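Quick look at target34.txt (compact mmCIF, C-alpha atoms):
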```txt
# COMPACT_ATOMS: atom_id res chain seq x y z
CA MET A 8 175.68 56.45 86.32
CA ALA A 9 177.27 55.92 82.87
CA CYS A 10 180.34 57.65 81.41
CA LYS A 11 179.44 61.31 80.98
CA GLN A 12 180.92 61.43 77.52
CA CYS A 13 180.13 58.12 75.79
CA LYS A 14 177.67 56.31 78.14
CA GLU A 15 180.01 53.31 78.54
CA HIS A 16 180.67 51.45 81.81
CA PRO A 17 182.42 53.94 84.15
CA VAL A 18 185.65 53.12 86.02
CA ILE A 19 185.90 56.24 88.18
CA THR A 20 183.86 59.11 89.55
CA LEU A 21 186.12 62.14 89.81
CA THR A 22 186.40 63.58 93.29
CA ASN A 23 186.39 67.26 92.41
CA SER A 24 183.31 67.05 90.18
CA PRO A 25 180.45 64.53 90.01
CA ILE A 26 181.57 63.15 86.65
CA SER A 27 181.99 59.43 85.91
CA LEU A 28 184.28 58.30 83.07
CA CYS A 29 184.84 55.00 81.26
CA LYS A 30 188.29 53.50 80.66
CA ARG A 31 188.84 55.23 77.31
CA CYS A 32 187.57 58.66 78.36
CA PHE A 33 189.36 58.52 81.72
CA THR A 34 192.66 57.58 80.05
CA ARG A 35 192.33 60.52 77.66
CA TYR A 36 191.36 62.90 80.52
CA PHE A 37 194.26 61.70 82.73
CA GLU A 38 196.95 61.84 80.05
CA ARG A 39 195.83 65.27 78.86
CA LYS A 40 195.89 66.59 82.41
CA VAL A 41 199.43 65.32 83.04
CA PHE A 42 200.70 66.60 79.68
CA LYS A 43 199.10 69.99 80.38
CA THR A 44 200.92 70.14 83.74
CA ILE A 45 204.19 69.38 81.92
CA ARG A 46 203.55 72.18 79.40
CA ASP A 47 202.02 74.81 81.71
CA HIS A 48 204.84 74.54 84.25
CA LYS A 49 207.57 74.07 81.62
CA LEU A 50 208.74 70.92 83.39
CA ILE A 51 210.77 69.65 80.45
CA HIS A 52 210.96 72.73 78.25
CA LYS A 53 214.11 72.47 76.10
CA ILE A 54 215.21 69.40 78.06
CA LYS A 55 216.82 66.58 76.11
CA ARG A 56 217.33 63.91 78.77
CA VAL A 57 214.98 63.18 81.66
CA GLY A 58 215.50 60.71 84.48
CA VAL A 59 212.64 59.04 86.30
CA ALA A 60 213.19 58.07 89.92
CA LEU A 61 211.64 54.61 89.79
CA SER A 62 210.60 52.69 92.87
CA GLY A 63 208.44 50.15 91.06
CA GLY A 64 205.33 51.49 92.79
CA LYS A 65 202.29 52.70 90.88
CA ASP A 66 203.17 56.42 90.98
CA SER A 67 206.66 56.21 89.53
CA LEU A 68 205.62 53.58 86.96
CA THR A 69 202.81 55.88 85.85
CA VAL A 70 205.24 58.81 85.50
CA LEU A 71 207.59 56.63 83.47
CA THR A 72 204.81 55.41 81.18
CA LEU A 73 203.50 58.93 80.57
CA LEU A 74 206.90 60.57 80.06
CA LYS A 75 207.80 57.85 77.58
CA LYS A 76 204.55 58.56 75.74
CA TYR A 77 205.17 62.33 75.89
CA SER A 78 208.71 61.88 74.55
CA GLU A 79 207.50 60.08 71.40
CA GLY A 80 208.11 62.30 68.42
CA ARG A 81 210.18 64.69 70.52
CA ALA A 82 213.98 64.91 70.71
CA MET A 83 213.97 63.70 74.29
CA GLU A 84 215.42 60.63 76.00
CA ILE A 85 214.04 58.95 79.11
CA VAL A 86 216.11 56.89 81.53
CA ALA A 87 214.97 55.24 84.76
CA ILE A 88 216.94 55.31 88.00
CA ALA A 89 216.08 52.95 90.84
CA VAL A 90 217.54 52.94 94.32
CA ASP A 91 217.95 49.61 96.07
CA GLU A 92 218.12 50.47 99.77
CA GLY A 93 218.62 46.87 100.82
CA ILE A 94 215.41 46.34 102.79
CA HIS A 95 214.71 42.65 103.34
CA ASP A 96 211.60 41.29 101.62
CA TYR A 97 210.53 44.67 100.23
CA ARG A 98 212.44 46.46 97.48
CA ALA A 99 213.28 43.28 95.55
CA HIS A 100 209.55 42.83 94.77
CA THR A 101 209.07 46.33 93.40
CA LEU A 102 212.30 46.15 91.39
CA VAL A 103 210.98 43.10 89.53
CA LYS A 104 208.01 45.17 88.37
CA ALA A 105 210.30 48.13 87.57
CA ARG A 106 212.46 45.92 85.33
CA GLU A 107 209.40 44.41 83.62
CA VAL A 108 207.90 47.82 82.74
CA CYS A 109 211.26 49.27 81.62
CA THR A 110 211.74 46.31 79.29
CA GLN A 111 208.25 46.78 77.82
CA LEU A 112 208.79 50.51 77.30
CA GLU A 113 212.38 50.06 76.10
CA VAL A 114 213.68 52.47 78.72
CA PRO A 115 217.15 51.81 80.18
CA LEU A 116 217.07 51.16 83.92
CA TYR A 117 220.03 51.94 86.20
CA VAL A 118 219.94 50.51 89.72
CA TYR A 119 222.06 52.15 92.45
CA SER A 120 222.35 50.38 95.78
CA TYR A 121 223.19 51.72 99.23
CA LYS A 122 225.47 48.74 99.68
CA ASP A 123 227.61 49.73 96.67
CA ALA A 124 227.49 53.45 97.36
CA PHE A 125 227.89 53.52 101.15
CA GLY A 126 229.22 50.07 102.01
CA TYR A 127 226.10 49.08 103.94
CA SER A 128 222.49 48.25 103.07
CA LEU A 129 219.78 50.13 104.96
CA ASP A 130 219.09 47.05 107.10
CA GLU A 131 222.81 46.90 108.04
CA THR A 132 222.91 50.67 108.64
CA LEU A 133 220.01 50.45 111.08
CA THR A 134 221.77 47.81 113.16
CA LYS A 135 224.74 50.18 113.53
CA LEU A 136 223.13 53.61 113.93
CA LYS A 137 220.39 54.51 116.38
CA VAL A 138 218.47 56.77 114.01
CA LYS A 139 214.97 56.86 112.57
CA PRO A 140 214.97 54.69 109.41
CA CYS A 141 213.27 57.33 107.25
CA SER A 142 215.77 60.04 108.31
CA VAL A 143 218.89 58.22 107.15
CA CYS A 144 217.11 56.60 104.19
CA GLY A 145 215.82 59.97 102.95
CA VAL A 146 219.30 61.51 103.12
CA PHE A 147 220.92 58.55 101.36
CA ARG A 148 218.21 58.36 98.69
CA ARG A 149 218.34 62.08 97.80
CA TYR A 150 222.14 61.95 97.65
CA LEU A 151 222.22 58.85 95.48
CA LEU A 152 219.50 59.99 93.07
CA ASN A 153 221.22 63.34 92.57
CA LYS A 154 224.60 61.67 92.06
CA ALA A 155 223.13 59.08 89.68
CA ALA A 156 221.31 61.79 87.71
CA LYS A 157 224.58 63.65 87.19
CA GLU A 158 226.49 60.50 86.25
CA LEU A 159 223.81 59.66 83.68
CA THR A 160 223.82 63.28 82.40
CA VAL A 161 220.16 63.71 83.19
CA GLU A 162 218.95 67.32 83.12
CA ARG A 163 215.82 66.86 85.24
CA LEU A 164 214.63 64.10 87.53
CA ALA A 165 210.93 63.18 87.62
CA THR A 166 209.26 61.80 90.73
CA GLY A 167 205.82 60.28 91.30
CA HIS A 168 204.47 62.89 93.73
CA ASN A 169 200.76 63.48 93.15
CA LEU A 170 198.16 66.04 94.24
CA ASP A 171 197.37 64.19 97.48
CA ASP A 172 201.07 64.09 98.46
CA GLU A 173 201.43 67.81 97.82
CA ALA A 174 198.19 68.76 99.61
CA GLN A 175 199.30 66.76 102.66
CA THR A 176 202.77 68.34 102.70
CA ILE A 177 201.36 71.87 102.35
CA LEU A 178 199.04 71.28 105.30
CA MET A 179 201.74 69.58 107.41
CA ASN A 180 204.06 72.56 106.88
CA GLN A 181 201.24 74.95 107.84
CA PHE A 182 200.37 72.97 110.97
CA ARG A 183 204.05 72.92 111.96
CA ASP A 184 204.61 76.61 111.18
CA ASN A 185 207.20 75.85 108.54
CA PRO A 186 206.61 78.12 105.53
CA GLU A 187 210.27 77.90 104.53
CA LEU A 188 209.81 74.20 103.71
CA SER A 189 206.68 75.02 101.69
CA ALA A 190 208.75 77.45 99.62
CA ARG A 191 210.63 74.41 98.33
CA LEU A 192 207.46 72.71 97.05
CA GLY A 193 205.76 73.02 93.65
CA PRO A 194 205.82 71.06 90.39
CA LEU A 195 209.42 72.09 89.65
CA THR A 196 211.87 72.24 92.54
CA GLY A 197 215.55 72.61 93.23
CA VAL A 198 218.25 75.19 92.90
CA THR A 199 218.99 76.38 89.38
CA GLU A 200 222.11 78.36 90.17
CA ASN A 201 224.15 75.36 91.20
CA GLU A 202 225.29 72.71 88.76
CA GLY A 203 225.62 70.23 91.61
CA PHE A 204 221.83 69.90 91.95
CA ILE A 205 219.58 68.29 89.39
CA GLN A 206 216.13 69.89 89.44
CA ARG A 207 213.15 67.68 90.30
CA ILE A 208 209.83 67.65 88.45
CA LYS A 209 206.42 66.29 89.48
CA PRO A 210 204.34 65.55 86.35
CA LEU A 211 201.51 64.05 88.50
CA TYR A 212 201.23 67.27 90.50
CA LEU A 213 197.59 67.96 89.59
CA VAL A 214 196.14 64.43 89.52
CA THR A 215 194.83 62.71 92.63
CA GLU A 216 196.23 59.54 94.14
CA LYS A 217 192.98 57.75 93.26
CA GLU A 218 193.27 58.86 89.63
CA VAL A 219 196.88 57.61 89.52
CA MET A 220 195.84 54.26 91.00
CA THR A 221 192.99 53.98 88.50
CA TYR A 222 195.34 54.68 85.56
CA ALA A 223 197.93 52.27 86.96
CA TYR A 224 195.34 49.50 87.45
CA LEU A 225 193.99 49.94 83.91
CA ASN A 226 197.53 49.77 82.51
CA ASN A 227 198.75 46.82 84.58
CA LEU A 228 201.20 48.92 86.60
CA VAL A 229 200.06 47.77 90.04
CA ILE A 230 201.79 45.20 92.16
CA GLY A 231 200.07 43.79 95.24
CA PHE A 232 200.07 46.03 98.30
CA ASN A 233 203.66 46.20 99.44
CA GLU A 234 204.49 48.47 102.34
CA CYS A 235 207.99 49.41 103.47
CA PRO A 236 208.49 47.68 106.85
CA ASN A 237 210.14 50.87 108.16
CA ALA A 238 207.28 53.20 107.17
CA GLN A 239 206.55 55.67 109.97
CA GLU A 240 204.01 58.08 108.67
CA GLY A 241 201.85 58.73 111.70
CA TYR A 242 201.51 62.47 111.20
CA ARG A 243 201.06 62.25 107.42
CA ASN A 244 198.41 59.54 107.86
CA ASP A 245 196.45 61.80 110.22
CA VAL A 246 196.64 64.68 107.72
CA ARG A 247 195.66 62.32 104.87
CA ASN A 248 192.59 61.13 106.80
CA LEU A 249 191.65 64.71 107.64
CA LEU A 250 191.91 65.79 104.00
CA ASN A 251 189.95 62.74 102.79
CA LYS A 252 187.14 63.51 105.24
CA MET A 253 187.07 67.12 104.05
CA GLU A 254 187.10 66.00 100.40
CA GLU A 255 184.15 63.67 100.96
CA LYS A 256 182.14 66.38 102.66
CA TYR A 257 183.35 69.27 100.50
CA PRO A 258 184.42 67.90 97.08
CA GLY A 259 187.25 69.84 95.50
CA THR A 260 189.04 70.62 98.79
CA LYS A 261 192.40 69.11 97.75
CA HIS A 262 192.42 70.82 94.36
CA ALA A 263 191.51 74.14 95.99
CA LEU A 264 194.29 73.76 98.55
CA VAL A 265 196.96 73.01 95.94
CA ASN A 266 195.71 75.64 93.46
CA SER A 267 195.64 78.38 96.11
CA PHE A 268 199.11 77.28 97.23
CA LEU A 269 200.36 77.60 93.63
CA SER A 270 199.12 81.18 93.54
CA ILE A 271 201.16 82.17 96.60
CA LEU A 272 204.19 79.99 95.84
CA PRO A 273 206.07 82.72 93.89
CA MET A 274 205.77 84.99 96.95
CA LEU A 275 206.98 82.23 99.25
CA LYS A 276 209.94 81.56 96.98
CA ARG A 277 210.89 85.26 96.98
CA GLU A 278 210.50 85.54 100.76
CA PHE A 279 212.57 82.45 101.50
CA LYS A 280 215.06 82.66 98.68
CA GLU A 281 218.00 80.41 99.51
CA THR A 282 220.26 82.69 101.52
CA LYS A 283 222.69 80.09 102.77
CA SER A 284 225.66 79.81 100.45
CA ILE A 285 226.03 76.46 98.72
CA ASN A 286 229.39 74.87 99.33
CA VAL A 287 230.74 71.52 98.33
CA CYS A 288 231.24 68.84 100.96
CA ILE A 289 234.93 68.61 101.90
CA ARG A 290 234.71 64.80 101.74
CA CYS A 291 232.53 63.86 98.74
CA LYS A 292 232.46 67.18 96.81
CA GLU A 293 228.68 67.02 96.51
CA PRO A 294 226.75 70.28 97.18
CA THR A 295 225.81 71.10 100.76
CA SER A 296 225.19 74.14 102.93
CA ARG A 297 227.55 72.70 105.56
CA GLU A 298 231.21 71.82 105.65
CA VAL A 299 230.42 68.10 105.66
CA CYS A 300 227.17 66.95 104.04
CA GLN A 301 224.63 64.89 105.97
CA THR A 302 225.42 61.78 103.92
CA CYS A 303 229.10 61.96 104.84
CA TYR A 304 228.13 62.65 108.45
CA TYR A 305 226.20 59.35 108.52
CA ARG A 306 228.99 57.59 106.62
CA GLY A 307 231.47 58.79 109.23
CA LYS A 308 229.23 57.43 112.00
CA LEU A 309 228.94 54.08 110.20
CA ASN A 310 232.70 53.79 109.86
CA GLU A 311 233.18 54.40 113.62
CA HIS A 312 231.53 51.00 114.24
CA MET B 18 172.04 41.41 100.57
CA ASN B 19 175.23 39.61 101.56
CA ILE B 20 178.36 40.90 99.89
CA LYS B 21 181.89 39.53 100.30
CA VAL B 22 184.35 42.38 100.73
CA TYR B 23 188.10 42.06 100.55
CA VAL B 24 190.23 45.00 101.72
CA ASP B 25 193.81 44.65 100.50
CA LYS B 26 195.53 46.76 103.14
CA GLY B 27 195.42 44.37 106.05
CA ASN B 28 194.17 41.44 103.94
CA LYS B 29 190.76 41.45 105.56
CA GLU B 30 187.90 39.55 103.94
CA GLN B 31 184.43 39.70 105.38
CA THR B 32 180.81 39.22 104.45
CA ILE B 33 178.57 42.18 105.18
CA ASN B 34 174.94 42.97 104.67
CA VAL B 35 174.55 46.12 102.55
CA THR B 36 172.58 47.39 99.57
CA THR B 37 175.02 49.98 98.15
CA ILE B 38 178.77 50.42 97.80
CA SER B 39 178.63 53.64 99.82
CA GLU B 40 177.25 51.56 102.69
CA ILE B 41 180.29 49.26 102.51
CA PHE B 42 182.59 52.24 103.05
CA LYS B 43 180.41 53.56 105.89
CA LYS B 44 180.23 50.17 107.63
CA LEU B 45 183.98 49.61 107.37
CA ASN B 46 184.74 53.24 108.24
CA LEU B 47 186.86 53.68 105.11
CA SER B 48 187.35 56.69 102.88
CA MET B 49 186.21 56.36 99.27
CA ASP B 50 189.19 58.50 98.26
CA SER B 51 191.60 55.86 99.56
CA PHE B 52 190.42 52.87 97.48
CA ILE B 53 189.53 51.81 93.99
CA ILE B 54 186.70 49.26 93.70
CA VAL B 55 187.05 46.03 91.74
CA ARG B 56 184.39 43.44 90.89
CA ASN B 57 185.41 40.40 88.79
CA ASN B 58 188.67 42.14 87.84
CA GLU B 59 186.68 45.07 86.51
CA LEU B 60 186.89 48.56 87.95
CA ILE B 61 183.55 49.96 89.10
CA THR B 62 182.52 53.20 90.80
CA GLU B 63 180.72 53.74 94.08
CA HIS B 64 177.50 54.24 92.05
CA ALA B 65 177.47 50.69 90.62
CA THR B 66 174.51 48.45 91.56
CA LEU B 67 175.38 45.55 93.86
CA ARG B 68 174.18 42.01 93.14
CA GLU B 69 173.58 39.23 95.68
CA GLY B 70 176.76 37.18 96.13
CA ASP B 71 179.08 39.84 94.69
CA THR B 72 182.72 39.82 95.77
CA ILE B 73 184.10 43.32 95.98
CA ARG B 74 187.82 44.06 96.30
CA LEU B 75 188.88 47.41 97.68
CA LEU B 76 192.45 48.21 96.59
CA SER B 77 194.31 50.87 98.55
CA VAL B 78 195.52 53.82 96.50
CA ILE B 79 198.10 54.73 99.13
CA SER B 80 201.71 53.97 98.25
CA GLY B 81 203.66 51.80 100.60
CA GLY B 82 206.76 54.00 100.96
```

Take the structure from the file and write it as structure tokens.
Amino acid sequence: MACKQCKEHPVITLTNSPISLCKRCFTRYFERKVFKTIRDHKLIHKIKRVGVALSGGKDSLTVLTLLKKYSEGRAMEIVAIAVDEGIHDYRAHTLVKAREVCTQLEVPLYVYSYKDAFGYSLDETLTKLKVKPCSVCGVFRRYLLNKAAKELTVERLATGHNLDDEAQTILMNQFRDNPELSARLGPLTGVTENEGFIQRIKPLYLVTEKEVMTYAYLNNLVIGFNECPNAQEGYRNDVRNLLNKMEEKYPGTKHALVNSFLSILPMLKREFKETKSINVCIRCKEPTSREVCQTCYYRGKLNEH
Amino acid sequence: MNIKVYVDKGNKEQTINVTTISEIFKKLNLSMDSFIIVRNNELITEHATLREGDTIRLLSVISGG
């Protein structure tokens, strides 16, 4: 089966339609799709400075590459923000790739570490606190990215979430009867009424994980398989496998799920409009719905040891 | 025909007897949505024709966290 458009050697068969594309035609298709998502959802409309949350993995490197391309000829700056959690034999590898790509693209990279921000690396934190690694790491990472984005005067922060990630999260929230969490999904998220929060954008929202990997491979953005040693994604893996089986049997399932979700998302957002008042944490002055934010709660626990 | 297959997640390499790429996925119980397929550093699709002695690398599309 040759490329549908130019009959060259194909590099991918799309999952939602039986079309094969060569490197050149796939690259054009992929970039157009991402740029259309950016325009249709006004992800960076009238935005002058965008941050990219960069892990050094294929998704965030792809977002960085495409946003840099999109910014050419526009009055828009791109900066990259990486978080070094301090996980032995893991993050250092991906940061090498992050630095390499930032140098090539001439994008400034700012690295924020847990050690500098909280006094302890994640590895050290886990020896002191009896908590699930992903719970404390997620809280610290969100806090640090938001703080870094404000320090660097970034107006929006881009992440590498793709269509597969979103489809899995939608289904997980349904299975767990948690529509309120789904109301916080979508290609553009975050509170607009509070200056303390930097809104997040997901330019890869409508491209599949396989398409991202294909683009990344063709553009030398892939490092060898490198899995976080703390990864605990049992439930997500089950949902991923379920969705992949459905997609193989009924092509287009993931796109249909995310597209139908997008059509009801405005209703969900109205129904679950943030009712809790947003305060500032009495310790760090960052926004929170509580008196003391979760980051400072963990910090307090760490300092007890 | 005998095909050498390397699956990057788990670093497994094995030789299996198949005639199509779809058969590789079926035999290894893997989802085609979860891997890209590489032969001689070149990306191919599941519709490519296999040749005796081919080495196929399946690279996981799933991020590692």

(request) Quote the spacing between atom CA of A:Met253 and atom CA of A:Asn266 in Å to one decimal place. (result) 16.1 Å

(message) Taking all atoms listed in the file into account, find every residue of chain B that has an atom no more than 9 Å from chain A, and write it out as a PyMOL selection string.
(response) chain B and resi 25-26+48-54+59-65+76-82

Residues just named, written with C-alpha atoms as a PDB file, in the coordinates of the input:
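again-v5.pdb written:
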```pdb
ATOM      1  CA  ASP B  25     193.810  44.650 100.500  1.00  0.00           C
ATOM      2  CA  LYS B  26     195.530  46.760 103.140  1.00  0.00           C
ATOM      3  CA  SER B  48     187.350  56.690 102.880  1.00  0.00           C
ATOM      4  CA  MET B  49     186.210  56.360  99.270  1.00  0.00           C
ATOM      5  CA  ASP B  50     189.190  58.500  98.260  1.00  0.00           C
ATOM      6  CA  SER B  51     191.600  55.860  99.560  1.00  0.00           C
ATOM      7  CA  PHE B  52     190.420  52.870  97.480  1.00  0.00           C
ATOM      8  CA  ILE B  53     189.530  51.810  93.990  1.00  0.00           C
ATOM      9  CA  ILE B  54     186.700  49.260  93.700  1.00  0.00           C
ATOM     10  CA  GLU B  59     186.680  45.070  86.510  1.00  0.00           C
ATOM     11  CA  LEU B  60     186.890  48.560  87.950  1.00  0.00           C
ATOM     12  CA  ILE B  61     183.550  49.960  89.100  1.00  0.00           C
ATOM     13  CA  THR B  62     182.520  53.200  90.800  1.00  0.00           C
ATOM     14  CA  GLU B  63     180.720  53.740  94.080  1.00  0.00           C
ATOM     15  CA  HIS B  64     177.500  54.240  92.050  1.00  0.00           C
ATOM     16  CA  ALA B  65     177.470  50.690  90.620  1.00  0.00           C
ATOM     17  CA  LEU B  76     192.450  48.210  96.590  1.00  0.00           C
ATOM     18  CA  SER B  77     194.310  50.870  98.550  1.00  0.00           C
ATOM     19  CA  VAL B  78     195.520  53.820  96.500  1.00  0.00           C
ATOM     20  CA  ILE B  79     198.100  54.730  99.130  1.00  0.00           C
ATOM     21  CA  SER B  80     201.710  53.970  98.250  1.00  0.00           C
ATOM     22  CA  GLY B  81     203.660  51.800 100.600  1.00  0.00           C
ATOM     23  CA  GLY B  82     206.760  54.000 100.960  1.00  0.00           C
TER      24      GLY B  82
END
```

(message) Can you pull out the residues contacting B:Val55? Cut-off 7 Å, using only C-alpha atoms, and skip same-chain residues under 6 positions away; I want them as JSON, numbers by chain.
(response) {"B": [61, 73, 74, 75]}

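Here atom CA of A:Gly167 stands at a distance of 24.3 Å from atom CA of A:Arg183.
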
Assuming 3 Å of padding per side, give the centre and edge lengths of the axis-aligned box around every listed atom of stretch 29-42 of chain B, in Å to one decimal and as lines of an AutoDock Vina configuration file.
```
center_x = 181.7
center_y = 46.4
center_z = 101.7
size_x = 24.2
size_y = 20.4
size_z = 13.8
```

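If you count all atoms listed in the file and draw a sphere of 10 Å around (212.3, 56.0, 89.8), the protein and nucleic acid residues inside it come out as Gly58, Val59, Ala60, Leu61, Ser62, Gly63, Gly64, Asp66, Ser67, Leu68, Val70, Leu71, Val86, Ala87, Ile88, Ala89, Val90, Leu102, Ala105, Leu116, Tyr117, Val118, Leu152, Leu164, Ala165, Thr166 and Gly167 of chain A.
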
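Using only C-alpha atoms, the nearest neighbour of B:Gln31 within the list B:Asn46, B:Thr66, B:Asn19, B:Asn58 is B:Asn19.
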
For stretch 192-205 of chain A, find every residue with an atom within 7 Å (counting all atoms listed in the file), except residues of its own chain fewer than 6 positions away, and show them as a CSV table (one decimal) with C-alpha atoms, in the frame of the given file.
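Final output, saved to part-v1.csv:
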```csv
chain,number,residue,atom,x,y,z
A,50,LEU,CA,208.7,70.9,83.4
A,153,ASN,CA,221.2,63.3,92.6
A,156,ALA,CA,221.3,61.8,87.7
A,162,GLU,CA,219.0,67.3,83.1
A,163,ARG,CA,215.8,66.9,85.2
A,164,LEU,CA,214.6,64.1,87.5
A,212,TYR,CA,201.2,67.3,90.5
A,293,GLU,CA,228.7,67.0,96.5
A,294,PRO,CA,226.8,70.3,97.2
```

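Distance annotation: of A:Lys135, A:Thr160, A:Leu112, A:Ala124, the residue with the minimal separation from A:Lys55 is A:Thr160; atom set is all atoms listed in the file.
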
(message) I'd like to know which of A:Ala174, A:Cys144, A:Lys40, A:Ala190 is closest to A:Arg277, using all atoms listed in the file.
(response) A:Ala190

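Picture a line from atom CA of A:Phe125 to atom CA of A:Arg306; it runs 6.9 Å.
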
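Of the listed residues (B:Ile20, B:Glu30, B:Leu45, B:Ile38), B:Ile20 comes nearest to B:Asp71; the distances count only C-alpha atoms.
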
Serialized stretch 227-238 of chain A w/ N, CA and C atoms as a PDB file, in the first residue's frame:
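The result, stored in part17.pdb:
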```pdb
ATOM      1  N   ASN A 227      14.034  12.809  14.624  1.00  0.00           N
ATOM      2  CA  ASN A 227      15.113  12.527  15.572  1.00  0.00           C
ATOM      3  C   ASN A 227      14.840  13.109  16.969  1.00  0.00           C
ATOM      4  N   LEU A 228      13.613  12.932  17.442  1.00  0.00           N
ATOM      5  CA  LEU A 228      13.245  13.441  18.762  1.00  0.00           C
ATOM      6  C   LEU A 228      13.022  12.316  19.772  1.00  0.00           C
ATOM      7  N   VAL A 229      13.438  11.111  19.407  1.00  0.00           N
ATOM      8  CA  VAL A 229      13.171   9.954  20.267  1.00  0.00           C
ATOM      9  C   VAL A 229      14.451   9.511  20.953  1.00  0.00           C
ATOM     10  N   ILE A 230      14.359   9.349  22.278  1.00  0.00           N
ATOM     11  CA  ILE A 230      15.474   8.694  22.962  1.00  0.00           C
ATOM     12  C   ILE A 230      15.037   7.246  23.202  1.00  0.00           C
ATOM     13  N   GLY A 231      15.954   6.392  23.553  1.00  0.00           N
ATOM     14  CA  GLY A 231      15.604   4.996  23.799  1.00  0.00           C
ATOM     15  C   GLY A 231      14.533   4.911  24.874  1.00  0.00           C
ATOM     16  N   PHE A 232      13.824   3.793  24.931  1.00  0.00           N
ATOM     17  CA  PHE A 232      12.735   3.682  25.900  1.00  0.00           C
ATOM     18  C   PHE A 232      13.281   3.892  27.307  1.00  0.00           C
ATOM     19  N   ASN A 233      12.641   4.800  28.028  1.00  0.00           N
ATOM     20  CA  ASN A 233      13.171   5.254  29.305  1.00  0.00           C
ATOM     21  C   ASN A 233      11.972   5.469  30.228  1.00  0.00           C
ATOM     22  N   GLU A 234      11.725   4.530  31.097  1.00  0.00           N
ATOM     23  CA  GLU A 234      10.518   4.596  31.915  1.00  0.00           C
ATOM     24  C   GLU A 234      10.838   5.034  33.335  1.00  0.00           C
ATOM     25  N   CYS A 235      10.018   5.940  33.875  1.00  0.00           N
ATOM     26  CA  CYS A 235      10.215   6.378  35.251  1.00  0.00           C
ATOM     27  C   CYS A 235      10.131   5.156  36.171  1.00  0.00           C
ATOM     28  N   PRO A 236      11.121   4.958  37.039  1.00  0.00           N
ATOM     29  CA  PRO A 236      11.108   3.772  37.909  1.00  0.00           C
ATOM     30  C   PRO A 236       9.946   3.782  38.900  1.00  0.00           C
ATOM     31  N   ASN A 237       9.332   4.963  39.091  1.00  0.00           N
ATOM     32  CA  ASN A 237       8.203   5.043  40.033  1.00  0.00           C
ATOM     33  C   ASN A 237       6.844   4.893  39.350  1.00  0.00           C
ATOM     34  N   ALA A 238       6.838   4.722  38.028  1.00  0.00           N
ATOM     35  CA  ALA A 238       5.565   4.718  37.292  1.00  0.00           C
ATOM     36  C   ALA A 238       4.613   3.661  37.847  1.00  0.00           C
TER      37      ALA A 238
END
```
